[in-house]
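Asker: Structure file coords06.txt (compact mmCIF, C-alpha atoms) is given on the next line.
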```txt
# COMPACT_ATOMS: atom_id res chain seq x y z
CA MET A 23 -55.25 1.16 -1.06
CA GLU A 24 -58.04 3.28 -2.46
CA HIS A 25 -58.40 6.74 -0.91
CA PRO A 26 -59.67 9.38 -3.36
CA PRO A 27 -58.80 13.02 -2.65
CA ASN A 28 -62.42 13.95 -1.83
CA LYS A 29 -62.59 11.33 0.95
CA TRP A 30 -61.98 13.07 4.29
CA SER A 31 -61.75 10.88 7.38
CA ILE A 32 -61.56 13.54 10.10
CA GLY A 33 -63.22 12.28 13.30
CA LYS A 34 -62.58 10.34 16.49
CA ASP A 35 -60.39 7.73 14.79
CA THR A 36 -58.72 10.24 12.45
CA PRO A 37 -58.19 13.46 14.41
CA ILE A 38 -55.64 14.97 11.99
CA GLU A 39 -56.07 15.50 8.26
CA TRP A 40 -54.85 17.95 5.65
CA ARG A 41 -54.44 18.56 1.94
CA TYR A 42 -51.30 20.16 0.52
CA PHE A 43 -50.77 21.88 -2.85
CA ASN A 44 -47.80 23.61 -4.42
CA PHE A 45 -46.82 25.20 -7.74
CA LYS A 46 -43.76 26.70 -9.36
CA GLN A 47 -43.24 28.91 -12.36
CA LYS A 48 -40.48 31.33 -13.29
CA GLY A 49 -40.14 33.98 -10.59
CA LEU A 50 -43.06 32.74 -8.51
CA SER A 51 -43.87 29.68 -6.40
CA GLY A 52 -46.27 28.85 -3.62
CA ILE A 53 -47.61 26.40 -1.05
CA PHE A 54 -51.24 26.08 0.08
CA THR A 55 -52.40 23.86 2.95
CA TYR A 56 -55.84 23.07 4.37
CA PRO A 57 -55.41 21.28 7.75
CA LEU A 58 -58.05 20.04 10.20
CA PHE A 59 -57.15 19.23 13.83
CA ASN A 60 -59.35 17.55 16.43
CA VAL A 61 -56.67 16.32 18.83
CA GLY A 62 -55.11 17.23 22.17
CA GLY A 63 -57.81 19.78 22.96
CA VAL A 64 -57.25 21.55 19.63
CA ASN A 65 -60.39 21.78 17.49
CA LYS A 66 -59.31 24.07 14.69
CA ALA A 67 -59.10 24.39 10.94
CA TYR A 68 -56.53 26.37 9.02
CA VAL A 69 -56.18 27.87 5.58
CA ALA A 70 -52.52 28.65 4.98
CA SER A 71 -50.49 30.08 2.14
CA GLU A 72 -46.84 30.80 1.56
CA LEU A 73 -46.08 32.65 -1.67
CA TYR A 74 -42.45 33.12 -2.72
CA MET A 75 -41.33 35.91 -5.02
CA GLY A 76 -38.14 37.94 -5.26
CA GLY A 77 -36.49 36.05 -2.40
CA LYS A 78 -39.32 36.93 0.01
CA SER A 79 -42.33 35.04 1.34
CA TYR A 80 -45.88 36.32 1.75
CA GLY A 81 -48.99 34.97 3.42
CA GLY A 82 -49.45 32.94 6.57
CA PRO A 83 -52.22 31.00 8.33
CA LYS A 84 -55.87 31.80 8.83
CA ILE A 85 -57.30 30.09 11.94
CA LEU A 86 -60.92 28.91 11.89
CA LYS A 87 -63.23 26.83 14.06
CA LEU A 88 -63.37 23.18 13.09
CA SER A 89 -67.15 23.27 13.60
CA ASP A 90 -67.45 25.90 10.84
CA VAL A 91 -65.96 23.58 8.19
CA SER A 92 -68.49 21.89 5.92
CA ILE A 93 -67.38 18.57 4.37
CA LYS A 94 -69.50 17.48 1.42
CA LYS A 95 -69.11 14.77 -1.19
CA ASN A 96 -67.10 16.86 -3.65
CA CYS A 97 -66.28 19.98 -1.66
CA VAL A 98 -64.69 21.02 1.62
CA GLU A 99 -65.81 24.52 2.56
CA PHE A 100 -63.71 26.26 5.19
CA THR A 101 -65.50 29.56 4.48
CA LYS A 102 -67.44 30.71 1.42
CA LYS A 103 -64.20 31.97 -0.10
CA ASP A 104 -61.80 29.35 1.29
CA ARG A 105 -62.57 25.95 -0.20
CA ILE A 106 -61.48 22.87 -2.12
CA ASP A 107 -63.73 21.69 -4.96
CA PHE A 108 -63.09 18.20 -6.32
CA LEU A 109 -64.30 18.65 -9.90
CA ASN A 110 -63.56 15.07 -10.96
CA ARG A 111 -60.96 12.39 -10.44
CA ASN A 112 -58.28 14.39 -12.25
CA GLU A 113 -59.25 18.00 -11.53
CA THR A 114 -59.38 19.96 -8.28
CA ARG A 115 -59.92 23.68 -7.70
CA ILE A 116 -58.64 25.52 -4.63
CA LYS A 117 -59.61 28.99 -3.45
CA GLY A 118 -58.54 31.06 -0.49
CA SER A 119 -57.21 34.30 0.92
CA VAL A 120 -54.74 35.01 3.72
CA GLU A 121 -53.56 38.51 4.54
CA LYS A 122 -52.52 40.12 1.23
CA VAL A 123 -52.58 36.88 -0.78
CA SER A 124 -55.61 35.36 -2.52
CA TRP A 125 -55.80 32.51 -5.04
CA ASN A 126 -58.10 30.70 -7.43
CA LEU A 127 -56.26 27.74 -8.99
CA LYS A 128 -57.21 24.59 -10.87
CA TYR A 129 -55.01 21.49 -10.60
CA THR A 130 -55.21 19.01 -13.48
CA ASN A 131 -53.39 15.69 -13.11
CA ASN A 132 -50.59 15.23 -15.64
CA THR A 133 -50.18 11.51 -15.17
CA HIS A 134 -52.47 8.51 -14.87
CA HIS A 135 -50.05 6.76 -12.53
CA GLU A 136 -51.41 6.02 -9.06
CA PHE A 137 -48.72 6.21 -6.39
CA PRO A 138 -49.10 3.72 -3.53
CA MET A 139 -50.20 5.04 -0.15
CA LEU A 140 -47.69 5.09 2.71
CA MET A 141 -49.40 3.97 5.93
CA LYS A 142 -47.66 3.25 9.23
CA GLU A 143 -48.99 2.12 12.59
CA PHE A 144 -46.78 2.83 15.60
CA GLY A 145 -46.73 3.51 19.32
CA LEU A 146 -47.84 1.36 22.25
CA GLY A 147 -50.24 -1.27 20.97
CA ARG A 148 -49.96 0.26 17.48
CA ARG A 149 -52.70 2.68 18.48
CA LYS A 150 -51.28 5.53 16.42
CA ASN A 151 -51.07 5.77 12.65
CA ILE A 152 -50.28 8.11 9.79
CA SER A 153 -51.13 7.85 6.10
CA TRP A 154 -49.69 9.81 3.17
CA LYS A 155 -51.12 9.76 -0.32
CA VAL A 156 -49.91 11.55 -3.44
CA PHE A 157 -53.03 12.43 -5.43
CA MET A 158 -51.27 14.35 -8.21
CA PRO A 159 -47.51 13.72 -8.44
CA SER A 160 -47.42 16.21 -11.31
CA ALA A 161 -50.17 18.66 -12.16
CA LYS A 162 -50.87 21.46 -14.59
CA VAL A 163 -51.84 24.50 -12.52
CA THR A 164 -53.85 27.34 -14.05
CA GLY A 165 -55.65 30.35 -12.63
CA SER A 166 -54.58 33.48 -10.82
CA ILE A 167 -53.04 34.79 -7.61
CA VAL A 168 -53.41 38.28 -6.22
CA LEU A 169 -50.51 39.62 -4.17
CA ASN A 170 -50.68 43.11 -2.66
CA GLY A 171 -53.45 44.00 -5.11
CA LYS A 172 -51.58 42.85 -8.22
CA ARG A 173 -52.94 39.89 -10.18
CA HIS A 174 -50.54 37.23 -11.46
CA ARG A 175 -51.62 34.70 -14.08
CA ILE A 176 -50.55 31.19 -13.26
CA SER A 177 -49.60 28.52 -15.79
CA ALA A 178 -47.32 26.26 -13.84
CA ASP A 179 -46.23 22.81 -12.73
CA GLY A 180 -47.72 21.66 -9.44
CA TYR A 181 -48.28 18.88 -6.95
CA PHE A 182 -51.10 17.70 -4.64
CA ASP A 183 -51.03 15.28 -1.69
CA GLY A 184 -52.68 14.59 1.66
CA ASN A 185 -52.04 13.23 5.15
CA TRP A 186 -54.41 11.84 7.76
CA GLY A 187 -54.26 9.67 10.84
CA LYS A 188 -54.17 9.46 14.60
CA TRP A 189 -51.06 10.93 16.17
CA MET A 190 -49.76 13.97 18.03
CA MET A 191 -47.56 16.35 16.09
CA TYR A 192 -44.63 15.71 18.46
CA ASP A 193 -44.86 11.94 17.82
CA LEU A 194 -43.28 12.05 14.39
CA ARG A 195 -40.52 13.56 12.34
CA TRP A 196 -40.33 13.13 8.60
CA ASN A 197 -38.38 13.97 5.46
CA TRP A 198 -40.25 14.92 2.31
CA LEU A 199 -39.30 16.22 -1.12
CA GLN A 200 -40.90 16.64 -4.51
CA PHE A 201 -40.02 17.86 -8.00
CA SER A 202 -41.28 17.16 -11.49
CA ARG A 203 -40.71 17.76 -15.17
CA HIS A 204 -43.60 16.82 -17.44
CA ARG A 205 -43.60 17.45 -21.18
CA ASP A 206 -45.86 14.57 -22.18
CA LYS A 207 -46.70 11.06 -20.96
CA ASN A 208 -43.55 9.61 -22.56
CA ASN A 209 -41.20 12.45 -21.61
CA ASN A 210 -41.25 13.10 -17.90
CA PHE A 211 -39.31 12.77 -14.66
CA ILE A 212 -41.41 12.97 -11.51
CA VAL A 213 -40.17 12.25 -7.99
CA ALA A 214 -41.81 12.31 -4.53
CA LEU A 215 -40.28 11.07 -1.28
CA GLY A 216 -41.98 10.52 2.07
CA ASP A 217 -39.89 9.09 4.90
CA LEU A 218 -40.80 8.63 8.58
CA VAL A 219 -37.68 9.11 10.67
CA GLY A 220 -36.84 6.18 12.92
CA LEU A 221 -39.78 4.00 11.89
CA ASN A 222 -38.15 2.16 8.95
CA SER A 223 -40.99 3.38 6.76
CA GLY A 224 -40.57 5.40 3.61
CA LYS A 225 -41.14 5.42 -0.13
CA VAL A 226 -39.55 7.16 -3.08
CA MET A 227 -41.95 7.26 -6.01
CA VAL A 228 -40.75 7.97 -9.54
CA VAL A 229 -42.31 8.33 -12.97
CA HIS A 230 -39.68 8.00 -15.69
CA ASN A 231 -40.85 8.59 -19.26
CA GLY A 232 -44.24 7.08 -18.47
CA LYS A 233 -42.94 4.20 -16.34
CA LYS A 234 -43.62 4.03 -12.61
CA ILE A 235 -40.76 3.00 -10.27
CA ILE A 236 -41.19 2.56 -6.51
CA PHE A 237 -38.41 2.38 -3.92
CA ASP A 238 -39.68 1.05 -0.56
CA ARG A 239 -37.50 1.35 2.55
CA GLU A 240 -38.78 -1.99 3.87
CA LYS A 241 -37.19 -3.91 0.98
CA ASP A 242 -34.97 -1.47 -0.95
CA ILE A 243 -32.11 0.85 -0.02
CA ILE A 244 -32.98 4.48 0.78
CA ARG A 245 -30.29 6.79 2.18
CA ILE A 246 -30.81 10.39 3.31
CA SER A 247 -27.95 12.61 4.44
CA GLN A 248 -28.16 16.22 5.57
CA LYS A 249 -25.22 18.63 5.62
CA LYS A 250 -24.05 22.25 5.66
CA TRP A 251 -26.33 23.16 8.55
CA GLU A 252 -27.68 26.68 8.97
CA ARG A 253 -26.51 27.59 12.47
CA LYS A 254 -27.80 31.17 12.58
CA THR A 255 -31.41 30.08 13.06
CA ASP A 256 -33.20 28.31 15.92
CA PRO A 257 -33.92 25.56 15.18
CA ASN A 258 -31.03 24.71 12.85
CA TYR A 259 -31.77 23.09 9.51
CA PRO A 260 -29.69 21.46 6.75
CA LYS A 261 -28.98 23.64 3.73
CA GLU A 262 -28.10 20.65 1.54
CA ILE A 263 -29.73 17.21 1.36
CA ASP A 264 -28.61 14.11 -0.51
CA VAL A 265 -30.96 11.22 -1.23
CA SER A 266 -30.15 7.93 -2.90
CA ALA A 267 -32.56 5.07 -3.54
CA GLU A 268 -31.69 1.74 -5.06
CA ASN A 269 -33.45 -1.49 -6.02
CA LYS A 270 -32.41 -4.38 -8.24
CA ASN A 271 -33.11 -2.45 -11.46
CA TYR A 272 -32.59 1.27 -10.80
CA ARG A 273 -30.66 3.82 -8.76
CA LEU A 274 -31.89 7.36 -8.04
CA ASP A 275 -29.57 10.13 -6.79
CA VAL A 276 -30.90 13.53 -5.70
CA HIS A 277 -29.00 16.58 -4.44
CA LEU A 278 -31.01 19.47 -2.98
CA MET A 279 -29.81 22.96 -2.14
CA VAL A 280 -32.22 24.92 0.07
CA THR A 281 -32.81 28.44 -1.24
CA LEU A 282 -35.65 29.75 0.96
CA THR A 283 -37.41 28.54 4.12
CA ASP A 284 -40.54 29.15 6.18
CA ASP A 285 -41.40 27.67 9.56
CA ILE A 286 -44.69 26.11 10.59
CA ILE A 287 -44.65 25.99 14.39
CA LYS A 288 -46.75 23.95 16.83
CA LYS A 289 -46.08 25.31 20.33
CA ASN A 290 -46.54 22.96 23.28
CA GLN A 291 -46.33 23.21 27.05
CA PHE A 292 -43.12 21.99 28.70
CA PRO A 293 -42.01 19.17 28.90
CA ILE A 294 -43.46 18.57 25.41
CA PRO A 295 -41.16 20.19 22.82
CA ASP A 296 -42.27 22.67 20.19
CA VAL A 297 -42.60 21.13 16.73
CA TYR A 298 -41.20 22.80 13.63
CA ILE A 299 -42.08 21.90 10.04
CA ILE A 300 -39.62 23.80 7.87
CA GLU A 301 -40.97 24.36 4.35
CA GLU A 302 -38.14 24.67 1.85
CA ASN A 303 -37.77 25.93 -1.69
CA THR A 304 -34.91 24.05 -3.31
CA ASN A 305 -32.71 23.77 -6.35
CA CYS A 306 -32.54 20.10 -7.34
CA HIS A 307 -30.25 17.97 -9.39
CA ALA A 308 -31.33 14.36 -9.87
CA THR A 309 -30.24 11.40 -11.97
CA LEU A 310 -31.93 8.07 -12.60
CA SER A 311 -29.73 5.19 -13.73
CA GLU A 312 -30.72 1.74 -14.92
CA LYS A 313 -28.66 -1.32 -14.06
CA LYS A 314 -27.54 -3.13 -17.20
CA ASN A 315 -24.91 -5.87 -17.33
CA GLY A 316 -23.53 -4.83 -13.95
CA LYS A 317 -23.21 -1.17 -14.94
CA LEU A 318 -25.24 1.96 -14.18
CA CYS A 319 -26.57 3.62 -17.36
CA LEU A 320 -28.02 7.14 -17.08
CA VAL A 321 -31.62 7.18 -18.36
CA ASN A 322 -33.05 10.45 -16.98
CA GLU A 323 -31.85 13.70 -15.43
CA TYR A 324 -33.41 16.78 -13.83
CA SER A 325 -32.07 20.18 -12.83
CA GLY A 326 -34.50 22.78 -11.56
CA PRO A 327 -36.71 23.95 -8.69
CA GLY A 328 -38.42 21.75 -6.15
CA PHE A 329 -39.82 21.61 -2.64
CA SER A 330 -38.86 19.80 0.55
CA GLU A 331 -39.77 19.63 4.23
CA TYR A 332 -37.57 19.13 7.26
CA THR A 333 -39.15 18.51 10.68
CA THR A 334 -37.56 18.91 14.09
CA GLU A 335 -38.37 19.55 17.74
CA THR A 336 -36.94 22.14 20.10
CA TYR A 337 -37.20 23.53 23.61
CA LYS A 338 -36.45 27.01 22.26
CA ARG A 339 -38.56 28.93 24.79
CA GLU A 340 -37.13 26.99 27.74
CA ARG A 341 -33.58 27.61 26.51
CA GLN A 342 -34.32 31.33 26.13
CA PHE A 343 -35.75 31.42 29.67
CA ILE A 344 -32.68 29.66 31.10
CA ARG A 345 -30.34 31.99 29.20
CA LYS A 346 -32.26 34.99 30.54
CA ILE A 347 -32.00 33.78 34.15
CA LEU A 348 -28.33 32.90 33.76
CA GLY A 349 -27.66 36.24 32.12
CA LYS A 350 -29.21 38.13 35.06
CA ALA A 351 -27.23 36.05 37.54
CA ILE A 352 -23.97 36.75 35.71
CA LYS A 353 -24.69 40.50 35.59
CA LYS A 354 -25.55 40.51 39.32
CA ASP A 355 -22.36 38.66 40.24
CA THR A 356 -20.31 40.95 38.02
CA ALA A 357 -21.83 44.04 39.66
CA ASN A 358 -20.74 42.81 43.11
CA ILE A 359 -17.09 42.39 42.16
CA CYS A 360 -14.83 44.90 43.87
CA VAL A 361 -11.41 45.80 42.56
CA GLY A 362 -8.50 46.92 44.82
```
Give the structure from the file, written as structure tokens.
Answerer:
Amino acid sequence: MEHPPNKWSIGKDTPIEWRYFNFKQKGLSGIFTYPLFNVGGVNKAYVASELYMGGKSYGGPKILKLSDVSIKKNCVEFTKKDRIDFLNRNETRIKGSVEKVSWNLKYTNNTHHEFPMLMKEFGLGRRKNISWKVFMPSAKVTGSIVLNGKRHRISADGYFDGNWGKWMMYDLRWNWLQFSRHRDKNNNFIVALGDLVGLNSGKVMVVHNGKKIIFDREKDIIRISQKKWERKTDPNYPKEIDVSAENKNYRLDVHLMVTLTDDIIKKNQFPIPDVYIIEENTNCHATLSEKKNGKLCLVNEYSGPGFSEYTTETYKRERQFIRKILGKAIKKDTANICVG
């Protein structure tokens, strides 16, 4: 389905929409998001950055009024300095600044392959829907980032996608991952996964040495397992993720190790749970095998950095409140105990 990156559908029938960008180069990686919300009494726009360097993250969200955002044919202007310019079908420039981080980056598509859009209707009467589109599965990223007053030149691999639809953030949980290696059109390995938990809807999209391969949960096998949970945080999250996808011709196996995380939190009033989107930097190892004469033959392999997302819901504040009340009651009872 055709949906170019400069087409924004925000409105009554599409109250949620965002664009997501990332990049990675040696010693430095980052995520930039531009969300619009007109749902559940929230009429806001955000410009958000998370920059990762030296094992630390920098940045955060900037909250704006939705009414201040100007959507034009080839530009979405959040402020004069926070904007997305769609230069042409294969080039997009993003600018922004949050706290001590500012950026001016151009994304140039590395591949001519168009990944299919994932669209799912759900809920009572199928009144809710979400769409996900990968606009640049692999991109060349150039420009600069300023962190704490120091300018860093960027010449990196990157990625660009978007989501839009009609749902509440607590309606859905998803798994997402992405990594890429692109040397030229005949020497690449590009992978993106989007999977809606519990809705039997997901796709794994691959470019292997110039050839596009699609695994679709509705007709192919896609398995996702999460293990070695981080128990010291609330909410908990898996530190390792395994993904396998298989159709009649190919099998993909991916192992992710989470190296760094950041939380995006949507707080809600009880009894609606808080929603957490956990952004993850990962180390990936992936293999693609082709089925030949009943055997699996390795045809491509990747080891290197990537990105993933894990979503969950929690009643963290309510649990803290209950623990606080119980703690006071225990202390009071203990104080009234007499010995002898």
Asker: If we count all atoms listed in the file and set the cut-off at 9 Å, which residues sit around Lys234 of chain A, ignoring sequence neighbours fewer than 4 positions away in its own chain? Please answer as a PyMOL selection string.
Answerer: chain A and resi 135-137+227-230
Asker: Report as a list of chain:residue names all protein, DNA and RNA residues lying within 8 Å of Leu88 of chain A, evaluated on all atoms listed in the file, omitting residues in the same chain fewer than 3 positions from it.
Answerer: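 These residues fall inside the cut-off: A:Leu58, A:Phe59, A:Asn60, A:Asn65, A:Lys66, A:Ala67, A:Val91.
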Asker: When you count all atoms listed in the file, which of these residues is closest to Asp104 of chain A: A:Ile299, A:Ala70, A:Val168, A:Leu221?
Answerer: A:Ala70
Asker: What is the distance, in Å and to one decimal place, between atom CA of Val69 of chain A and atom CA of Leu215 of chain A?
Answerer: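 Between these atoms lies a distance of 24.1 Å.
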Asker: Show me the residues close to (-41.1, 39.5, 2.9) - anything with an atom within 12 Å, counting only C-alpha atoms - and format the list as a PyMOL selection string.
Answerer: chain A and resi 72-82+122+169-170+282-284
Asker: Filtering to C-alpha atoms, could you give me those residues as a compact mmCIF listing (two decimals), in the frame of the given file?
Answerer:
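Listing of out_5.txt after writing:
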```txt
# COMPACT_ATOMS: atom_id res chain seq x y z
CA GLU A 72 -46.84 30.80 1.56
CA LEU A 73 -46.08 32.65 -1.67
CA TYR A 74 -42.45 33.12 -2.72
CA MET A 75 -41.33 35.91 -5.02
CA GLY A 76 -38.14 37.94 -5.26
CA GLY A 77 -36.49 36.05 -2.40
CA LYS A 78 -39.32 36.93 0.01
CA SER A 79 -42.33 35.04 1.34
CA TYR A 80 -45.88 36.32 1.75
CA GLY A 81 -48.99 34.97 3.42
CA GLY A 82 -49.45 32.94 6.57
CA LYS A 122 -52.52 40.12 1.23
CA LEU A 169 -50.51 39.62 -4.17
CA ASN A 170 -50.68 43.11 -2.66
CA LEU A 282 -35.65 29.75 0.96
CA THR A 283 -37.41 28.54 4.12
CA ASP A 284 -40.54 29.15 6.18
```
Asker: Given the choices A:Val226, A:Val123, A:Met190, A:Val156, which gets closest to Pro37 of chain A if the distance is worked out from all atoms listed in the file?
Answerer: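 The answer is A:Met190, which sits nearest to Pro37 of chain A.
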